[in-house]
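Colleague: If it helps, the file is called my_file_21.cif and holds mmCIF, C-alpha atoms:
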data_entry
loop_
_atom_site.label_atom_id
_atom_site.label_comp_id
_atom_site.auth_asym_id
_atom_site.auth_seq_id
_atom_site.Cartn_x
_atom_site.Cartn_y
_atom_site.Cartn_z
CA MET A 7 -1.28 -40.96 -43.30
CA PRO A 8 -2.08 -37.81 -41.26
CA GLN A 9 -3.96 -38.31 -38.01
CA TYR A 10 -5.88 -35.05 -38.48
CA GLU A 11 -7.11 -34.42 -42.04
CA PHE A 12 -8.86 -31.30 -43.31
CA GLY A 13 -8.25 -31.57 -47.05
CA ARG A 14 -9.69 -28.78 -49.18
CA LYS A 15 -11.12 -27.01 -46.15
CA ILE A 16 -7.62 -25.58 -45.68
CA LYS A 17 -7.24 -22.88 -48.33
CA LYS A 18 -3.76 -22.05 -49.60
CA PRO A 19 -1.51 -20.22 -49.15
CA VAL A 20 -1.21 -21.24 -45.51
CA ALA A 21 0.74 -19.04 -43.10
CA TYR A 22 2.11 -20.13 -39.74
CA VAL A 23 2.14 -17.12 -37.40
CA LEU A 24 4.39 -17.55 -34.37
CA ALA A 25 4.02 -15.01 -31.56
CA GLY A 26 6.61 -13.51 -29.25
CA GLY A 27 6.87 -14.39 -25.57
CA ALA A 28 10.48 -15.18 -24.52
CA SER A 29 10.56 -18.49 -22.61
CA TYR A 30 6.88 -19.05 -23.39
CA GLY A 31 8.09 -19.94 -26.89
CA SER A 32 8.31 -23.54 -25.69
CA VAL A 33 4.51 -23.66 -26.03
CA GLN A 34 4.97 -23.45 -29.81
CA VAL A 35 7.10 -26.59 -29.75
CA GLY A 36 4.13 -28.62 -28.51
CA GLN A 37 1.78 -26.96 -30.98
CA LEU A 38 4.13 -27.78 -33.86
CA ARG A 39 4.41 -31.41 -32.77
CA ALA A 40 0.62 -31.72 -32.90
CA LEU A 41 0.41 -29.99 -36.30
CA ALA A 42 3.02 -32.40 -37.64
CA ASP A 43 0.38 -35.15 -37.44
CA SER A 44 -2.07 -33.17 -39.55
CA ASP A 45 -2.21 -32.43 -43.27
CA ILE A 46 -1.71 -28.69 -42.58
CA ARG A 47 1.63 -27.41 -43.89
CA PRO A 48 2.84 -23.81 -44.13
CA ASN A 49 3.54 -22.08 -47.42
CA PHE A 50 5.29 -19.32 -45.50
CA VAL A 51 6.04 -18.32 -41.92
CA VAL A 52 5.78 -15.03 -40.01
CA GLY A 53 7.27 -14.71 -36.54
CA THR A 54 8.04 -12.17 -33.83
CA SER A 55 10.82 -12.31 -31.23
CA VAL A 56 11.10 -15.92 -30.02
CA GLY A 57 8.47 -16.76 -32.63
CA SER A 58 10.83 -15.55 -35.35
CA LEU A 59 13.50 -17.92 -34.03
CA ASN A 60 11.14 -20.90 -33.88
CA GLY A 61 9.70 -19.83 -37.23
CA ALA A 62 13.14 -19.80 -38.83
CA VAL A 63 13.63 -23.42 -37.78
CA VAL A 64 10.25 -24.27 -39.32
CA ALA A 65 11.09 -22.40 -42.54
CA GLU A 66 14.46 -24.15 -42.80
CA ASP A 67 12.78 -27.55 -42.79
CA PRO A 68 9.09 -27.89 -41.80
CA GLU A 69 9.30 -31.67 -41.46
CA THR A 70 12.22 -31.85 -39.02
CA ALA A 71 11.42 -28.63 -37.11
CA PRO A 72 9.37 -30.17 -34.25
CA GLU A 73 12.13 -32.61 -33.34
CA ARG A 74 14.90 -30.03 -33.66
CA LEU A 75 13.04 -27.49 -31.58
CA SER A 76 12.24 -30.06 -28.89
CA GLU A 77 15.94 -30.71 -28.47
CA LEU A 78 16.81 -27.00 -28.55
CA TRP A 79 14.31 -26.01 -25.87
CA ALA A 80 15.14 -28.94 -23.63
CA THR A 81 18.76 -27.77 -23.38
CA THR A 82 18.30 -23.97 -23.14
CA THR A 83 18.58 -22.17 -19.80
CA ARG A 84 17.96 -18.65 -18.58
CA ASP A 85 21.67 -17.91 -18.31
CA ASP A 86 22.17 -19.05 -21.91
CA VAL A 87 19.92 -16.22 -23.08
CA PHE A 88 19.97 -13.50 -20.42
CA GLY A 89 23.30 -14.08 -18.68
CA GLY A 90 23.89 -13.64 -14.97
CA VAL A 91 21.63 -11.52 -12.77
CA VAL A 92 24.51 -9.69 -11.09
CA SER A 93 26.14 -8.55 -14.34
CA ALA A 94 22.76 -7.39 -15.66
CA ALA A 95 22.15 -5.33 -12.51
CA LEU A 96 25.61 -3.77 -12.75
CA ASN A 97 25.05 -2.83 -16.39
CA LEU A 98 21.76 -1.10 -15.58
CA ALA A 99 23.24 0.64 -12.52
CA SER A 100 26.11 2.01 -14.62
CA GLY A 101 23.66 3.54 -17.10
CA LYS A 102 24.29 1.21 -20.02
CA PRO A 103 21.48 1.09 -22.62
CA SER A 104 20.93 -2.66 -22.20
CA ALA A 105 21.11 -5.03 -19.26
CA VAL A 106 22.99 -7.73 -21.19
CA GLY A 107 24.82 -8.14 -24.45
CA ASN A 108 23.44 -10.38 -27.15
CA ASP A 109 26.32 -12.87 -27.27
CA GLY A 110 24.22 -15.52 -25.52
CA LEU A 111 21.23 -14.87 -27.74
CA ARG A 112 23.42 -14.96 -30.85
CA ALA A 113 24.87 -18.31 -29.80
CA LEU A 114 21.35 -19.69 -29.33
CA VAL A 115 20.24 -18.43 -32.75
CA GLU A 116 23.29 -19.85 -34.50
CA ARG A 117 22.75 -23.17 -32.74
CA ALA A 118 19.08 -23.26 -33.75
CA VAL A 119 19.50 -22.73 -37.51
CA ASN A 120 22.14 -23.80 -40.00
CA ALA A 121 21.12 -21.17 -42.54
CA ARG A 122 22.79 -17.76 -42.46
CA ASP A 123 20.68 -16.06 -45.12
CA PHE A 124 16.92 -15.99 -45.76
CA ALA A 125 17.58 -17.37 -49.24
CA GLU A 126 18.79 -20.65 -47.71
CA LEU A 127 15.41 -21.42 -46.11
CA LYS A 128 13.05 -23.93 -47.77
CA ILE A 129 9.99 -21.69 -47.46
CA PRO A 130 9.71 -17.90 -47.04
CA HIS A 131 10.05 -16.49 -43.54
CA THR A 132 9.39 -12.97 -42.23
CA ALA A 133 10.87 -11.85 -38.91
CA MET A 134 9.08 -8.86 -37.41
CA ALA A 135 11.09 -6.04 -35.85
CA THR A 136 10.34 -2.44 -34.79
CA ASP A 137 12.02 0.77 -35.92
CA PHE A 138 12.92 2.17 -32.50
CA ASP A 139 13.04 5.74 -33.80
CA THR A 140 9.67 5.83 -35.57
CA GLY A 141 7.74 3.00 -33.90
CA VAL A 142 6.94 1.50 -37.30
CA SER A 143 6.75 -2.25 -37.78
CA VAL A 144 9.62 -3.56 -39.96
CA PRO A 145 9.22 -6.98 -41.66
CA LEU A 146 12.58 -8.62 -42.42
CA SER A 147 12.54 -11.35 -45.06
CA GLU A 148 15.81 -11.17 -46.99
CA GLY A 149 19.53 -10.81 -46.45
CA ASP A 150 21.39 -11.80 -43.29
CA LEU A 151 19.21 -14.16 -41.22
CA ILE A 152 21.08 -14.01 -37.92
CA SER A 153 20.94 -10.22 -37.54
CA ALA A 154 17.25 -10.27 -38.46
CA LEU A 155 16.46 -12.81 -35.74
CA LEU A 156 18.52 -10.82 -33.22
CA ALA A 157 16.66 -7.63 -34.15
CA SER A 158 13.27 -9.34 -33.85
CA ALA A 159 14.15 -10.44 -30.29
CA ALA A 160 16.00 -7.30 -29.12
CA ILE A 161 13.85 -6.44 -26.10
CA PRO A 162 14.51 -2.74 -25.32
CA ALA A 163 16.68 -2.18 -22.20
CA ILE A 164 17.43 -5.92 -22.07
CA PHE A 165 19.29 -6.53 -25.34
CA PRO A 166 21.13 -4.00 -27.52
CA SER A 167 19.46 -2.64 -30.64
CA ILE A 168 20.44 -4.05 -34.04
CA TYR A 169 21.26 -1.79 -36.98
CA ARG A 170 20.27 -2.93 -40.46
CA ASP A 171 20.45 -0.57 -43.44
CA GLY A 172 20.92 2.34 -41.05
CA ILE A 173 17.71 1.57 -39.11
CA ARG A 174 17.85 1.01 -35.34
CA LEU A 175 15.76 -2.10 -34.76
CA VAL A 176 14.33 -3.63 -31.60
CA ASP A 177 11.87 -6.40 -30.67
CA GLY A 178 8.93 -6.69 -33.06
CA GLY A 179 6.62 -7.40 -30.13
CA LEU A 180 6.31 -3.67 -29.47
CA VAL A 181 3.89 -3.32 -32.38
CA ALA A 182 3.21 -6.82 -33.74
CA ASN A 183 3.66 -9.50 -31.08
CA VAL A 184 1.22 -11.82 -32.88
CA PRO A 185 1.78 -10.74 -36.51
CA ILE A 186 -1.52 -11.88 -37.99
CA GLY A 187 -1.81 -8.66 -39.97
CA GLN A 188 1.52 -9.30 -41.72
CA ALA A 189 0.33 -12.73 -42.81
CA VAL A 190 -2.80 -11.10 -44.24
CA GLU A 191 -0.68 -8.57 -46.15
CA GLN A 192 1.41 -11.40 -47.60
CA GLY A 193 -1.71 -13.05 -49.05
CA ALA A 194 -2.50 -15.89 -46.64
CA ARG A 195 -5.94 -17.47 -47.01
CA THR A 196 -5.51 -19.74 -43.98
CA ILE A 197 -3.62 -18.46 -40.94
CA VAL A 198 -2.47 -20.89 -38.25
CA VAL A 199 -1.68 -18.94 -35.08
CA LEU A 200 0.83 -20.37 -32.61
CA ASP A 201 0.49 -18.00 -29.66
CA CYS A 202 2.72 -18.20 -26.57
CA GLY A 203 0.11 -16.80 -24.21
CA PHE A 204 2.14 -13.70 -23.32
CA THR A 205 -1.09 -11.68 -23.07
CA VAL A 206 -2.25 -13.85 -20.14
CA LEU A 207 0.29 -13.34 -17.39
CA ALA A 208 -0.66 -14.95 -14.10
CA PRO A 209 -2.24 -12.15 -11.98
CA GLU A 210 -0.58 -13.30 -8.73
CA GLY A 211 2.86 -12.41 -10.12
CA GLU A 212 2.17 -8.83 -11.18
CA ASP A 213 2.39 -6.81 -7.95
CA THR A 214 6.06 -6.01 -8.42
CA PHE A 215 7.90 -3.47 -10.57
CA SER A 216 8.81 -6.01 -13.24
CA GLY A 217 5.39 -7.67 -12.98
CA ARG A 218 3.61 -4.40 -13.65
CA LEU A 219 5.81 -3.68 -16.65
CA LEU A 220 5.04 -7.12 -18.05
CA ARG A 221 1.31 -6.65 -17.43
CA THR A 222 1.44 -3.33 -19.30
CA ALA A 223 3.18 -4.99 -22.26
CA ALA A 224 0.67 -7.86 -22.21
CA ILE A 225 -2.31 -5.49 -22.36
CA MET A 226 -0.78 -3.65 -25.32
CA ALA A 227 -0.10 -6.95 -27.08
CA ALA A 228 -3.70 -8.07 -26.56
CA GLN A 229 -4.99 -4.91 -28.24
CA GLN A 230 -2.74 -5.56 -31.23
CA VAL A 231 -4.22 -9.06 -31.63
CA ARG A 232 -7.74 -7.62 -31.69
CA ARG A 233 -6.80 -5.08 -34.35
CA ASP A 234 -5.10 -7.72 -36.49
CA MET A 235 -8.07 -10.07 -36.24
CA GLU A 236 -10.19 -7.38 -37.91
CA LYS A 237 -7.77 -7.46 -40.85
CA ALA A 238 -8.27 -11.23 -41.14
CA GLU A 239 -12.01 -11.00 -41.69
CA GLY A 240 -13.09 -13.40 -44.44
CA LEU A 241 -10.09 -15.71 -43.92
CA ARG A 242 -9.70 -18.99 -42.05
CA VAL A 243 -7.83 -18.39 -38.80
CA LEU A 244 -6.93 -21.45 -36.74
CA TYR A 245 -5.94 -20.30 -33.24
CA LEU A 246 -4.25 -23.22 -31.50
CA PRO A 247 -4.74 -23.58 -27.73
CA GLY A 248 -2.03 -23.43 -25.09
CA PRO A 249 -1.57 -23.78 -21.32
CA TRP A 250 -2.10 -20.14 -20.40
CA PRO A 251 -1.57 -18.54 -18.03
CA THR A 252 1.69 -20.47 -17.71
CA ASN A 253 2.29 -19.39 -14.09
CA THR A 254 5.97 -18.77 -14.87
CA MET A 255 7.91 -15.64 -15.71
CA PRO A 256 9.00 -15.01 -19.32
CA ASP A 257 12.68 -15.47 -18.40
CA ASP A 258 12.15 -18.86 -16.73
CA PHE A 259 13.18 -21.71 -19.03
CA SER A 260 12.96 -24.45 -16.38
CA LYS A 261 9.40 -25.41 -17.38
CA SER A 262 10.00 -25.55 -21.14
CA GLU A 263 9.50 -29.28 -21.62
CA GLU A 264 6.43 -29.30 -19.37
CA LEU A 265 4.82 -26.42 -21.25
CA ALA A 266 5.59 -28.06 -24.60
CA ASP A 267 4.01 -31.34 -23.49
CA ARG A 268 0.88 -29.61 -22.19
CA ALA A 269 0.54 -27.54 -25.36
CA GLU A 270 0.90 -30.65 -27.52
CA GLN A 271 -1.82 -32.52 -25.64
CA MET A 272 -4.21 -29.57 -25.79
CA SER A 273 -3.51 -28.99 -29.49
CA ARG A 274 -4.07 -32.64 -30.36
CA GLU A 275 -7.42 -32.68 -28.58
CA TRP A 276 -8.37 -29.43 -30.30
CA LEU A 277 -7.38 -30.68 -33.77
CA ALA A 278 -9.33 -33.89 -33.23
CA ASP A 279 -12.52 -31.89 -32.57
CA LEU A 280 -11.90 -29.17 -35.17
CA GLU A 281 -14.51 -28.83 -37.92
CA ILE A 282 -13.83 -26.14 -40.50
CA SER A 283 -16.98 -24.92 -42.21
CA GLY A 284 -15.73 -21.78 -43.91
CA PRO A 285 -14.05 -18.45 -43.17
CA GLY A 286 -13.83 -17.34 -39.55
CA ARG A 287 -11.76 -17.78 -36.46
CA TYR A 288 -11.53 -21.25 -34.94
CA GLY A 289 -10.18 -21.47 -31.42
CA SER A 290 -9.69 -18.97 -28.63
CA ALA A 291 -6.98 -16.37 -28.19
CA PRO A 292 -5.27 -16.18 -24.80
CA SER A 293 -7.16 -12.96 -24.01
CA ASP A 294 -10.44 -14.88 -24.42
CA ALA A 295 -9.26 -17.50 -21.95
CA LEU A 296 -8.31 -14.74 -19.50
CA ALA A 297 -11.77 -13.18 -19.73
CA VAL A 298 -13.40 -16.49 -18.76
CA HIS A 299 -10.73 -17.19 -16.12
CA GLN A 300 -11.51 -13.87 -14.41
CA VAL A 301 -15.08 -14.91 -13.48
CA THR A 302 -17.06 -13.46 -16.40
CA LEU A 303 -16.89 -12.27 -19.98
CA SER A 304 -16.65 -8.56 -20.66
CA HIS A 305 -18.84 -7.15 -23.43
CA GLU A 306 -15.84 -6.91 -25.76
CA ALA A 307 -14.68 -10.44 -24.98
CA ARG A 308 -18.19 -11.80 -25.53
CA GLU A 309 -18.26 -10.18 -28.98
CA LEU A 310 -14.90 -11.76 -29.80
CA ALA A 311 -16.14 -15.13 -28.60
CA ALA A 312 -19.25 -14.84 -30.76
CA GLU A 313 -17.12 -14.08 -33.82
CA ALA A 314 -14.74 -16.94 -33.13
CA GLY A 315 -17.08 -19.81 -33.95
CA VAL A 316 -15.33 -22.48 -31.93
CA ILE A 317 -14.39 -21.15 -28.48
CA PRO A 318 -14.43 -23.38 -25.39
CA VAL A 319 -16.35 -21.03 -23.10
CA ASP A 320 -17.99 -22.66 -20.05
CA GLU A 321 -21.37 -20.96 -20.39
CA GLU A 322 -22.83 -22.84 -17.39
CA LYS A 323 -19.99 -21.61 -15.22
CA VAL A 324 -20.43 -18.05 -16.40
CA ALA A 325 -24.22 -18.22 -15.81
CA ALA A 326 -23.74 -19.67 -12.33
CA GLN A 327 -21.24 -16.96 -11.47
CA GLN A 328 -23.67 -14.31 -12.69
CA ALA A 329 -26.43 -15.83 -10.56
CA ALA A 330 -24.08 -15.80 -7.57
CA ARG A 331 -23.54 -12.10 -8.03
CA GLU A 332 -27.34 -11.62 -8.19
CA VAL A 333 -27.64 -13.43 -4.85
CA GLU A 334 -25.01 -11.15 -3.38
CA VAL A 335 -26.79 -8.02 -4.64
CA ALA A 336 -30.22 -9.28 -3.55
CA GLY A 337 -28.85 -10.22 -0.14
CA GLY A 338 -27.49 -6.71 0.26
CA MET A 339 -30.88 -5.27 -0.69
CA ALA A 340 -32.60 -7.53 1.82
CA GLY A 341 -30.22 -6.49 4.58
CA GLU A 342 -30.64 -2.81 3.79
CA ALA A 343 -34.43 -3.13 3.73
CA ALA A 344 -34.45 -5.03 7.01
CA ALA A 345 -32.31 -2.32 8.60
CA LYS A 346 -34.75 0.34 7.42
CA ALA A 347 -37.67 -1.68 8.82
CA THR A 348 -35.93 -1.98 12.20
CA ALA A 349 -35.16 1.74 12.29
CA ALA A 350 -38.75 2.62 11.35
CA ALA A 351 -40.17 0.31 13.99
CA ALA A 352 -37.90 1.84 16.63
CA ALA A 353 -39.04 5.33 15.62
CA ALA A 354 -42.67 4.23 15.89
CA GLY A 355 -42.00 2.84 19.36
CA ARG A 356 -40.33 6.04 20.53
CA ALA A 357 -43.22 8.13 19.17
CA ALA A 358 -45.75 5.93 20.97
CA MET A 359 -43.87 6.24 24.26
CA GLU A 360 -43.77 10.04 23.93
CA ALA A 361 -47.51 10.07 23.31
CA ALA A 362 -48.13 7.92 26.40
CA LYS A 363 -46.00 10.23 28.56
CA ALA A 364 -47.86 13.24 27.31
CA VAL A 365 -51.22 11.71 28.21
CA THR A 366 -50.28 10.46 31.72
CA GLY A 367 -47.96 13.26 32.79
CA GLY A 368 -50.51 16.15 33.05
CA GLY A 369 -51.35 17.86 36.40
CA ASP A 370 -53.05 21.17 35.94
CA GLU A 371 -55.30 22.49 33.20
CA ASP A 372 -52.49 24.15 31.17
CA ARG A 373 -50.35 21.01 31.19
CA GLU A 374 -53.35 18.95 30.14
CA ARG A 375 -53.98 21.23 27.17
CA GLY A 376 -50.24 21.10 26.18
CA ALA A 377 -50.14 17.35 26.70
CA ASP A 378 -53.17 16.86 24.49
CA SER A 379 -51.45 18.83 21.70
CA GLU A 380 -48.15 16.99 22.14
CA ALA A 381 -49.88 13.65 22.30
CA ALA A 382 -51.67 14.33 19.04
CA ALA A 383 -48.42 15.25 17.31
CA SER A 384 -46.65 12.18 18.71
CA ALA A 385 -49.49 9.95 17.63
CA ALA A 386 -49.22 11.34 14.08
CA GLU A 387 -45.45 10.67 14.06
CA ALA A 388 -46.11 7.15 15.29
CA ALA A 389 -48.56 6.55 12.45
CA VAL A 390 -46.04 7.77 9.85
CA ALA A 391 -43.26 5.66 11.38
CA ALA A 392 -45.49 2.60 11.42
CA GLU A 393 -46.33 3.12 7.75
CA SER A 394 -42.57 3.39 6.93
CA ALA A 395 -41.90 0.23 8.86
CA GLU A 396 -44.60 -1.59 6.88
CA GLU A 397 -43.10 -0.38 3.55
CA ALA A 398 -39.57 -1.38 4.63
CA ALA A 399 -40.77 -4.82 5.66
CA ALA A 400 -42.41 -5.27 2.25
CA ALA A 401 -39.15 -4.24 0.55
CA ALA A 402 -37.26 -6.75 2.68
CA ASP A 403 -39.68 -9.51 1.61
CA GLU A 404 -39.20 -8.55 -2.06
CA ALA A 405 -35.40 -8.57 -1.72
CA ALA A 406 -35.55 -11.97 0.00
CA ASP A 407 -37.63 -13.31 -2.91
CA SER A 408 -34.97 -12.00 -5.35
CA ALA A 409 -32.25 -13.74 -3.38
CA LYS A 410 -34.26 -16.99 -3.41
CA SER A 411 -34.80 -16.72 -7.18
CA ALA A 412 -31.11 -16.08 -7.81
CA GLY A 413 -30.19 -19.06 -5.63
CA GLN A 414 -32.53 -21.26 -7.67
CA LYS A 415 -30.76 -20.10 -10.83
CA ILE A 416 -27.40 -21.23 -9.42
CA ILE A 417 -28.77 -24.66 -8.60
CA ALA A 418 -30.34 -24.98 -12.04
CA LYS A 419 -27.18 -23.94 -13.90
CA VAL A 420 -24.78 -26.08 -11.86
CA LEU A 421 -26.98 -29.18 -12.06
CA GLY A 422 -27.90 -28.56 -15.71
CA LYS A 423 -31.62 -28.47 -14.96
CA ASP A 424 -34.33 -26.11 -16.05
CA GLU A 425 -34.80 -23.11 -13.79
CA PRO A 426 -37.47 -23.83 -11.16
CA LYS A 427 -40.70 -21.98 -11.77
CA ASP A 428 -42.33 -19.85 -9.10
CA GLU A 429 -45.24 -21.63 -7.42
CA PRO A 430 -48.60 -19.82 -7.82
CA LYS A 431 -49.56 -17.97 -4.66
CA ASP A 432 -53.11 -17.92 -3.32
CA ASP A 433 -54.87 -14.59 -3.66
CA PRO A 434 -56.33 -13.59 -0.25
CA GLN A 435 -59.51 -12.53 -2.06
CA ASP A 436 -60.06 -16.14 -3.20
CA ASN A 437 -60.28 -17.36 0.38
#
Would you mind giving the structure from this file in structure tokens?

Modeller:
Amino acid sequence: MPQYEFGRKIKKPVAYVLAGGASYGSVQVGQLRALADSDIRPNFVVGTSVGSLNGAVVAEDPETAPERLSELWATTTRDDVFGGVVSAALNLASGKPSAVGNDGLRALVERAVNARDFAELKIPHTAMATDFDTGVSVPLSEGDLISALLASAAIPAIFPSIYRDGIRLVDGGLVANVPIGQAVEQGARTIVVLDCGFTVLAPEGEDTFSGRLLRTAAIMAAQQVRRDMEKAEGLRVLYLPGPWPTNTMPDDFSKSEELADRAEQMSREWLADLEISGPGRYGSAPSDALAVHQVTLSHEARELAAEAGVIPVDEEKVAAQQAAREVEVAGGMAGEAAAKATAAAAAAGRAAMEAAKAVTGGGDEDRERGADSEAAASAAEAAVAAESAEEAAAAADEAADSAKSAGQKIIAKVLGKDEPKDEPKDDPQDN
């Protein structure tokens, strides 16, 4: 009996959508292990890049796929897929179109699946590729399976392009890294998204040439997810969680088992709490998690979160962070106002001193008349400066009150209490 049951709340046909992400594909292994204990089963699969490889294993036999993929990912290394670093550097230096050949990738694909043609799979599978000449997305769902999986994972400049029917094909992640839109086009009513988290690269690893390229690709992939989610309006979209950012590079396979275990635990907890009440998105996309991780939600991310229905956003944390920024701004205002008050007071003091000199420094009648005139002008300047000082001091008091109010908001949000109310102040006229 399934541990997680949803019954008729899951509308068929059900599509499993497996995203691209190189070594991050191990996250999908954990997600699949959790789904295996539910009553959710795919009627067809759509995958991109590494997701097309994992998806092919699922399509070949949905029941045995989690175990088979666990074994595959536990024994796969970087060199198995990308070869040696030195040979890759030499290939690029010599002007070759790709850093490595696809012999290693082909061996991995042939080890992962027994089928050699799409027709041999138990359920339909679509591997997403890109026409490198036109930039058009190319869904592959029939004919030779191995070449289709190689095309779907042919990262430009890393692996060689694959030719099928005269079309030069490369990695499908260029235009459909999370192919939700393809699942919609194929008639899915429930879409289960197994994302790798490629759109949430750890920020600390991006200040290098390769890191910046990866960040650029991640931003483009995130935009594609947003566009595809619009196509899925009115459908049930279950967006499984994952351990993103993974804090590893996409070519690092050393953490595969750890990532799979973490993804499984998170997915099990998520499935246990999942309540499906109708069409909509359930769960958060990696880009949502990034928005919260980076201190606050942008306007666009907040709109996505509102549409999602079930998104684990720490609202108290966001509110506290917002209050902290208010304290910082108010503190700056208070400091600026205090500086103005100090400057105004100093000006008033200088004006008063000049007036005193003018009064006491006279000797003859002409100097006395000039001193009287100068003293009057200095006294007027002193009065103006004093008035400015008074206004600046009032502004400083107001800024300090703002800082105090913002600080009270932080305390209230962190401790989960109501915001403290301002105490009524006595009106001097009442005394």

Colleague: Can you translate the PyMOL selection byres ((chain A and resi 190-199) around 7) into the concrete residues it hits in this file, as a PyMOL selection string?

Modeller: chain A and resi 16-24+186-189+200-201+238+241-246

Colleague: If I take atom CA of Leu41 of chain A and atom CA of Asp67 of chain A, how far is one from the other in Å, to one decimal?

Modeller: 14.2 Å

Colleague: What would the selection look like, as a PyMOL selection string, if the PyMOL selection byres ((chain A and resi 114) around 12) were run on the coordinates I just shared?

Modeller: chain A and resi 56+59-60+75+78-79+81-88+108-113+115-120+152+155-156+159

Colleague: Which distance in Å separates atom CA of Arg47 of chain A and atom CA of Glu69 of chain A, to one decimal?

Modeller: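 Taking atom CA of Arg47 of chain A and atom CA of Glu69 of chain A, their separation equals 9.1 Å.
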
Colleague: Atom CA of Glu275 of chain A and atom CA of Ser29 of chain A, how far apart in Å?

Modeller: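 Interatomic distance here is 23.7 Å.
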
Colleague: Nearest to Arg268 of chain A: which of A:Glu73, A:Ile282, A:Ala157, A:Thr252 is it, counting only C-alpha atoms?

Modeller: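 Once distances to Arg268 of chain A are computed over only C-alpha atoms, the minimum belongs to A:Thr252.
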
Colleague: Could you list the residues chosen by the PyMOL selection byres ((chain A and resi 180) around 9) in this structure as a PyMOL selection string?

Modeller: chain A and resi 135-136+141+143+161+176-179+181-183+223+226-227

Colleague: Env of Ala154 of chain A: 9 Å cut, atoms = only C-alpha atoms, seq-sep filter 4 positions within chain, self excluded. Answer as a PyMOL selection string.

Modeller: chain A and resi 58+133-135+146-150+158-159+168+170

Colleague: So, with only C-alpha atoms as the atoms that count, which of A:Ala42, A:Pro130, A:Pro285, A:Leu265 lies closest to Ala71 of chain A?

Modeller: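 So, comparing all the options, the nearest one is A:Ala42.
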
Colleague: Which of these, A:Ser44, A:Ser32, A:Thr70, A:Ser260, has the shortest distance to Met7 of chain A once you count all atoms listed in the file?

Modeller: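 When distances to Met7 of chain A are compared using all atoms listed in the file, the smallest one comes from A:Ser44.
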